[in-house]
Amino acid sequence: MSPRRFSIPILVLAMVLAACGPSASVGEEQRAVKLLLGFRPDVQFAPFYLAQQEGYFADAGLEVTIEHSTNLLPLVADGQAEFGVADATDVMIARTSGVPVKYISTLYERFPVALIGPPEAVPAVPSELAGLRIGTPGQFGSSWHALLALLDADGLTANHVTIREYPQFNQVEGLLNGDVDLITGFRNNEPLQLEARGMEVELLTIDSIAPLPGPGVIVGEELLTEDRELVSAFVSAVARAQAAVIEDPEAGLAAAEVAVPTIAEDREVARSVLNATVELWQGAAGFRSGAIDRAVWEAGYATMRRLGFIDGSVPLDDMIEEGIAGG
Amino acid sequence: MTTSTEPLRPAPSYTGAPGLAVRLDGVRVSFPTPDGRLVALDNLLLDVPAGSFSVVIGPNGSGKSTLLRVVAGLLTPEAGRVILGSGAGASPPRAGDGRVGLTFQQPRLVPWLTTLENVALPLSLAGAPSAEQHARAEAALEQVGLAEAAQLRPPNLSGGMAQRAGLARALIQDPPLLILDEPFSALDALTREAFDGELERLWLERPRTIILVTHAVGEAIRLADRIVVMTARPGTVAREVEVELPRPRPADLTGDPRVAEIGRVVRETLAQVHPPELAPWTDSP
Amino acid sequence: MRRLGASLLSLAAFLGAWKVLTVLTGTPDYILPAPEVVAERGWRAIQSGVLWRHTAVTLGEVVLGFTAGAVAAVVTGTALGKSVVIERVLSPYIVAAQAVPILALAPLLDIWFGGGLLARVLICALIVFFPIAIATMVGIRSTDPLLVELFRSLGATRGQITTRLEIPSALPVIFGGLRVGVTLAVIGAVVAEWAGASIGLGVLINIADQGLFDTPLMFVALTTLAIIGLAFYSLVVLVERRLIHTALR
């Protein structure tokens, strides 16, 4: 038999083998994973929508489904979803309560929660908060942690102020009608709402007074141990998308509109929220691709322990996994 | 003068006069139905002498129950008058003023009250003190032979016992007029005979006017001074038949020729005025 | 005594099945805690006083809310039962109010009524109102007309007919409504707390779940609510037995 007779079958075989190998072609060998976000779809999740639409996840071998849940920490820990976005302080509390999750990538370098109010009411230092009326959603969550951390910085507690709870998250109403002097809120949300309604505001942020780590990506311990590569790939894709949105916010806005059509109804507001959000992703040193700032975590851990939210039985190293992000 | 929202004080226990006379003059009562008005009584004339025992007889639908309700003050005639009593105190009937004791075909006992409380109900609604209620109810139960059933509740009473309790309730205010709507028709024939005898005895011991409705000719003859035969709807009086037999009367009146004659007259009258109900089913061969 | 034994046996069986379920499925404590984990967490919560602090508040809301709602419901139900006109006028509003989910209305009510205990008692009373009012109406309507005629023949006033015949006659049906209502009162207190309270078992559920990620504590709060519901239900049944003499006695 002459070699030429085998050349075509061999060529076909080689092509088939090549196609079977790991590759980035669409629809083949993609690992399906679920990402849980809190609350409801919003323009601040633009990087995730962009990563889905522009193929950043696909390039990393992932097919990502996004869902929303208010129970995302236990669900991620139990493996019912692979990844989630959660507040760092919640991770500390959950981990201490025995929920096995780990924080692997920083999404927000600046803490998103601040105290907000009319310029004459916003103090420069926490000690001036004594005796004021403060509106906040409730006695849990990053807003509550931030508020207590601020008070604690100058030796105050919740007893030194009057707390008014807004379980429907409508504390701006309380500020507008004068029921409270200040409110807790998200730097990329409430101030924009208030300014749109004609109120000039100022902020008291915690980053320089009582540093706490901001929201980030979480993963279940089991998945982290079993498939570190997968976790790494996901984190890289997210960082890549964030960088893209920082460089071209309009692209992020467009991606968000595709995923959440209602955003188009108020494009201007969405644009300003996204711009404010992008600022919060970056610290003094700019965008660091999700690298975890251990110093902020240590300071935050000590503060949360002092405030009694955690008892120190679970060490910091069980809560964070450095080295995944920031590459 | 009491207002319509207050219960009336019961009439004082009467002594002396043996009961109220009753007079119905041109009474007409009709009811609205989906098919138009149904006239139950029309141009009814009846005089019941004070202290007499009158029995009203007729098949169902002849307006007997309507007649009783008019006399008891539960219905107001749309034409004609009803007067209880005679002379200065005569007036139309008024439910609950204590002049009329009423029993129904069903015992109508309140299921969550004891027999004693049921019998005392008229006094209780009138606001009598409870000691008085208790004493008079016990006495009324004695009268009808139910003293031992005082603490029982209606579901635990036999039919006869329940009927007697209803009678005791009707008698507790010692009314000068007692109206009985087929009081024993739900009982077996033997019990019925016995109760008829007891009723006559109570009346002889304590005379008052009694109007009793029945559809049993034998019972009517045994009890009545006068039998009032009702026509078919619209009801009026077809005939009044006097019954002049000595009292007390035995349960078994067969063999007495006067009884047979009275029975014949009553039955003839009934057949005349109620042909559809009382006619033979087929023509005799 | 035998009834108590049967109850204890069924409770043991329930706990046993629960334990077996957690072992078989291998669910972690932060998803479905085993009964002994909940018990231990509950004991700690009792010792620290946390559980009583929240329970006392919710108990107060249940008692006041149920009482207010039940009284309003019996009065309204009686009026509805006695007057066809009133029923025709009022019932569209009552039914519509019932159809709107109270979970959506509660935050509004909380704001309108000042966000304190009054608002929560009101929300709880609203939830309790409907089944008791309807039961009362049905009960009143089913009064034996033969007895009504008896009372009229005895000269009873309209008020006497209502209080001495219609309401006692309707008691068995009304108590059916009260049984339902008292368990709804527990739900009502929790819903009311979710609308804007800062203390109570409903709040504790939220704090345990959303703030502390302490699922065993959440189960402790849920168990306490169940016990409260059971206790009040049994109380209603006890009162019912004392008040209602039936032919079965």
# chains A, B, ... in the order shown; residues from 1 in each chain; ligands from 1
>>> interface_residues(of="chain A", to="chain C", cutoff="6 Å", atoms="only C-alpha atoms", output="PyMOL selection string")
chain A and resi 94+97+140-141+167
>>> write_last_selection(atoms="N, CA and C atoms", output="PDB file, in the first residue's frame")
ATOM      1  N   ALA A  94     -20.409  34.881  58.677  1.00  0.00           N
ATOM      2  CA  ALA A  94     -20.860  33.568  58.220  1.00  0.00           C
ATOM      3  C   ALA A  94     -19.808  32.504  58.512  1.00  0.00           C
ATOM      4  N   SER A  97     -19.843  31.498  61.928  1.00  0.00           N
ATOM      5  CA  SER A  97     -21.020  30.681  62.257  1.00  0.00           C
ATOM      6  C   SER A  97     -20.946  29.309  61.647  1.00  0.00           C
ATOM      7  N   PHE A 140     -28.391  44.675  60.763  1.00  0.00           N
ATOM      8  CA  PHE A 140     -27.480  43.681  60.209  1.00  0.00           C
ATOM      9  C   PHE A 140     -27.028  44.165  58.841  1.00  0.00           C
ATOM     10  N   GLY A 141     -25.994  43.529  58.320  1.00  0.00           N
ATOM     11  CA  GLY A 141     -25.519  43.918  57.002  1.00  0.00           C
ATOM     12  C   GLY A 141     -24.405  44.947  57.081  1.00  0.00           C
ATOM     13  N   PRO A 167     -36.775  48.937  57.164  1.00  0.00           N
ATOM     14  CA  PRO A 167     -36.617  47.607  56.593  1.00  0.00           C
ATOM     15  C   PRO A 167     -36.927  47.559  55.102  1.00  0.00           C
TER      16      PRO A 167
END
>>> closest_residue(among="C:Pro33, C:Arg44, C:Ala70, C:Ala125", to="Val191 in chain C", atoms="only C-alpha atoms")
C:Ala125
>>> closest_residue(among="A:Gly138, A:Gly131, A:Pro47, A:Pro123", to="Ala251 in chain A", atoms="only C-alpha atoms")
A:Pro47
>>> decode(residues="range 56-75 of chain B", atoms="N, CA and C atoms", output="compact mmCIF listing (two decimals), in the first residue's frame")
# COMPACT_ATOMS: atom_id res chain seq x y z
N VAL B 56 -109.47 23.37 67.25
CA VAL B 56 -109.57 23.73 65.84
C VAL B 56 -109.06 22.56 65.02
N ILE B 57 -109.87 22.12 64.08
CA ILE B 57 -109.48 20.93 63.30
C ILE B 57 -109.55 21.23 61.82
N GLY B 58 -108.66 20.61 61.05
CA GLY B 58 -108.63 20.76 59.60
C GLY B 58 -107.33 20.16 59.10
N PRO B 59 -107.27 19.72 57.87
CA PRO B 59 -106.02 19.14 57.37
C PRO B 59 -104.95 20.22 57.17
N ASN B 60 -103.75 19.80 56.87
CA ASN B 60 -102.66 20.77 56.69
C ASN B 60 -102.98 21.74 55.58
N GLY B 61 -102.59 22.97 55.77
CA GLY B 61 -102.85 23.98 54.73
C GLY B 61 -104.15 24.71 54.93
N SER B 62 -104.90 24.39 55.99
CA SER B 62 -106.16 25.08 56.18
C SER B 62 -105.99 26.37 56.98
N GLY B 63 -104.78 26.70 57.33
CA GLY B 63 -104.57 27.97 58.00
C GLY B 63 -104.63 27.87 59.51
N LYS B 64 -104.61 26.67 60.06
CA LYS B 64 -104.73 26.52 61.51
C LYS B 64 -103.56 27.19 62.22
N SER B 65 -102.34 26.92 61.72
CA SER B 65 -101.18 27.49 62.39
C SER B 65 -101.18 29.01 62.26
N THR B 66 -101.63 29.50 61.12
CA THR B 66 -101.70 30.96 60.95
C THR B 66 -102.68 31.55 61.94
N LEU B 67 -103.80 30.85 62.14
CA LEU B 67 -104.80 31.31 63.10
C LEU B 67 -104.17 31.44 64.48
N LEU B 68 -103.43 30.42 64.89
CA LEU B 68 -102.81 30.46 66.21
C LEU B 68 -101.83 31.62 66.33
N ARG B 69 -101.06 31.84 65.29
CA ARG B 69 -100.07 32.91 65.36
C ARG B 69 -100.74 34.28 65.45
N VAL B 70 -101.87 34.41 64.81
CA VAL B 70 -102.58 35.69 64.89
C VAL B 70 -103.07 35.92 66.32
N VAL B 71 -103.60 34.84 66.92
CA VAL B 71 -104.10 34.99 68.30
C VAL B 71 -102.94 35.22 69.26
N ALA B 72 -101.78 34.64 68.98
CA ALA B 72 -100.63 34.79 69.87
C ALA B 72 -99.93 36.13 69.70
N GLY B 73 -100.32 36.89 68.69
CA GLY B 73 -99.68 38.18 68.47
C GLY B 73 -98.43 38.12 67.63
N LEU B 74 -98.16 36.99 66.99
CA LEU B 74 -96.97 36.89 66.14
C LEU B 74 -97.24 37.41 64.74
N LEU B 75 -98.50 37.45 64.36
CA LEU B 75 -98.88 37.97 63.04
C LEU B 75 -99.96 39.03 63.23
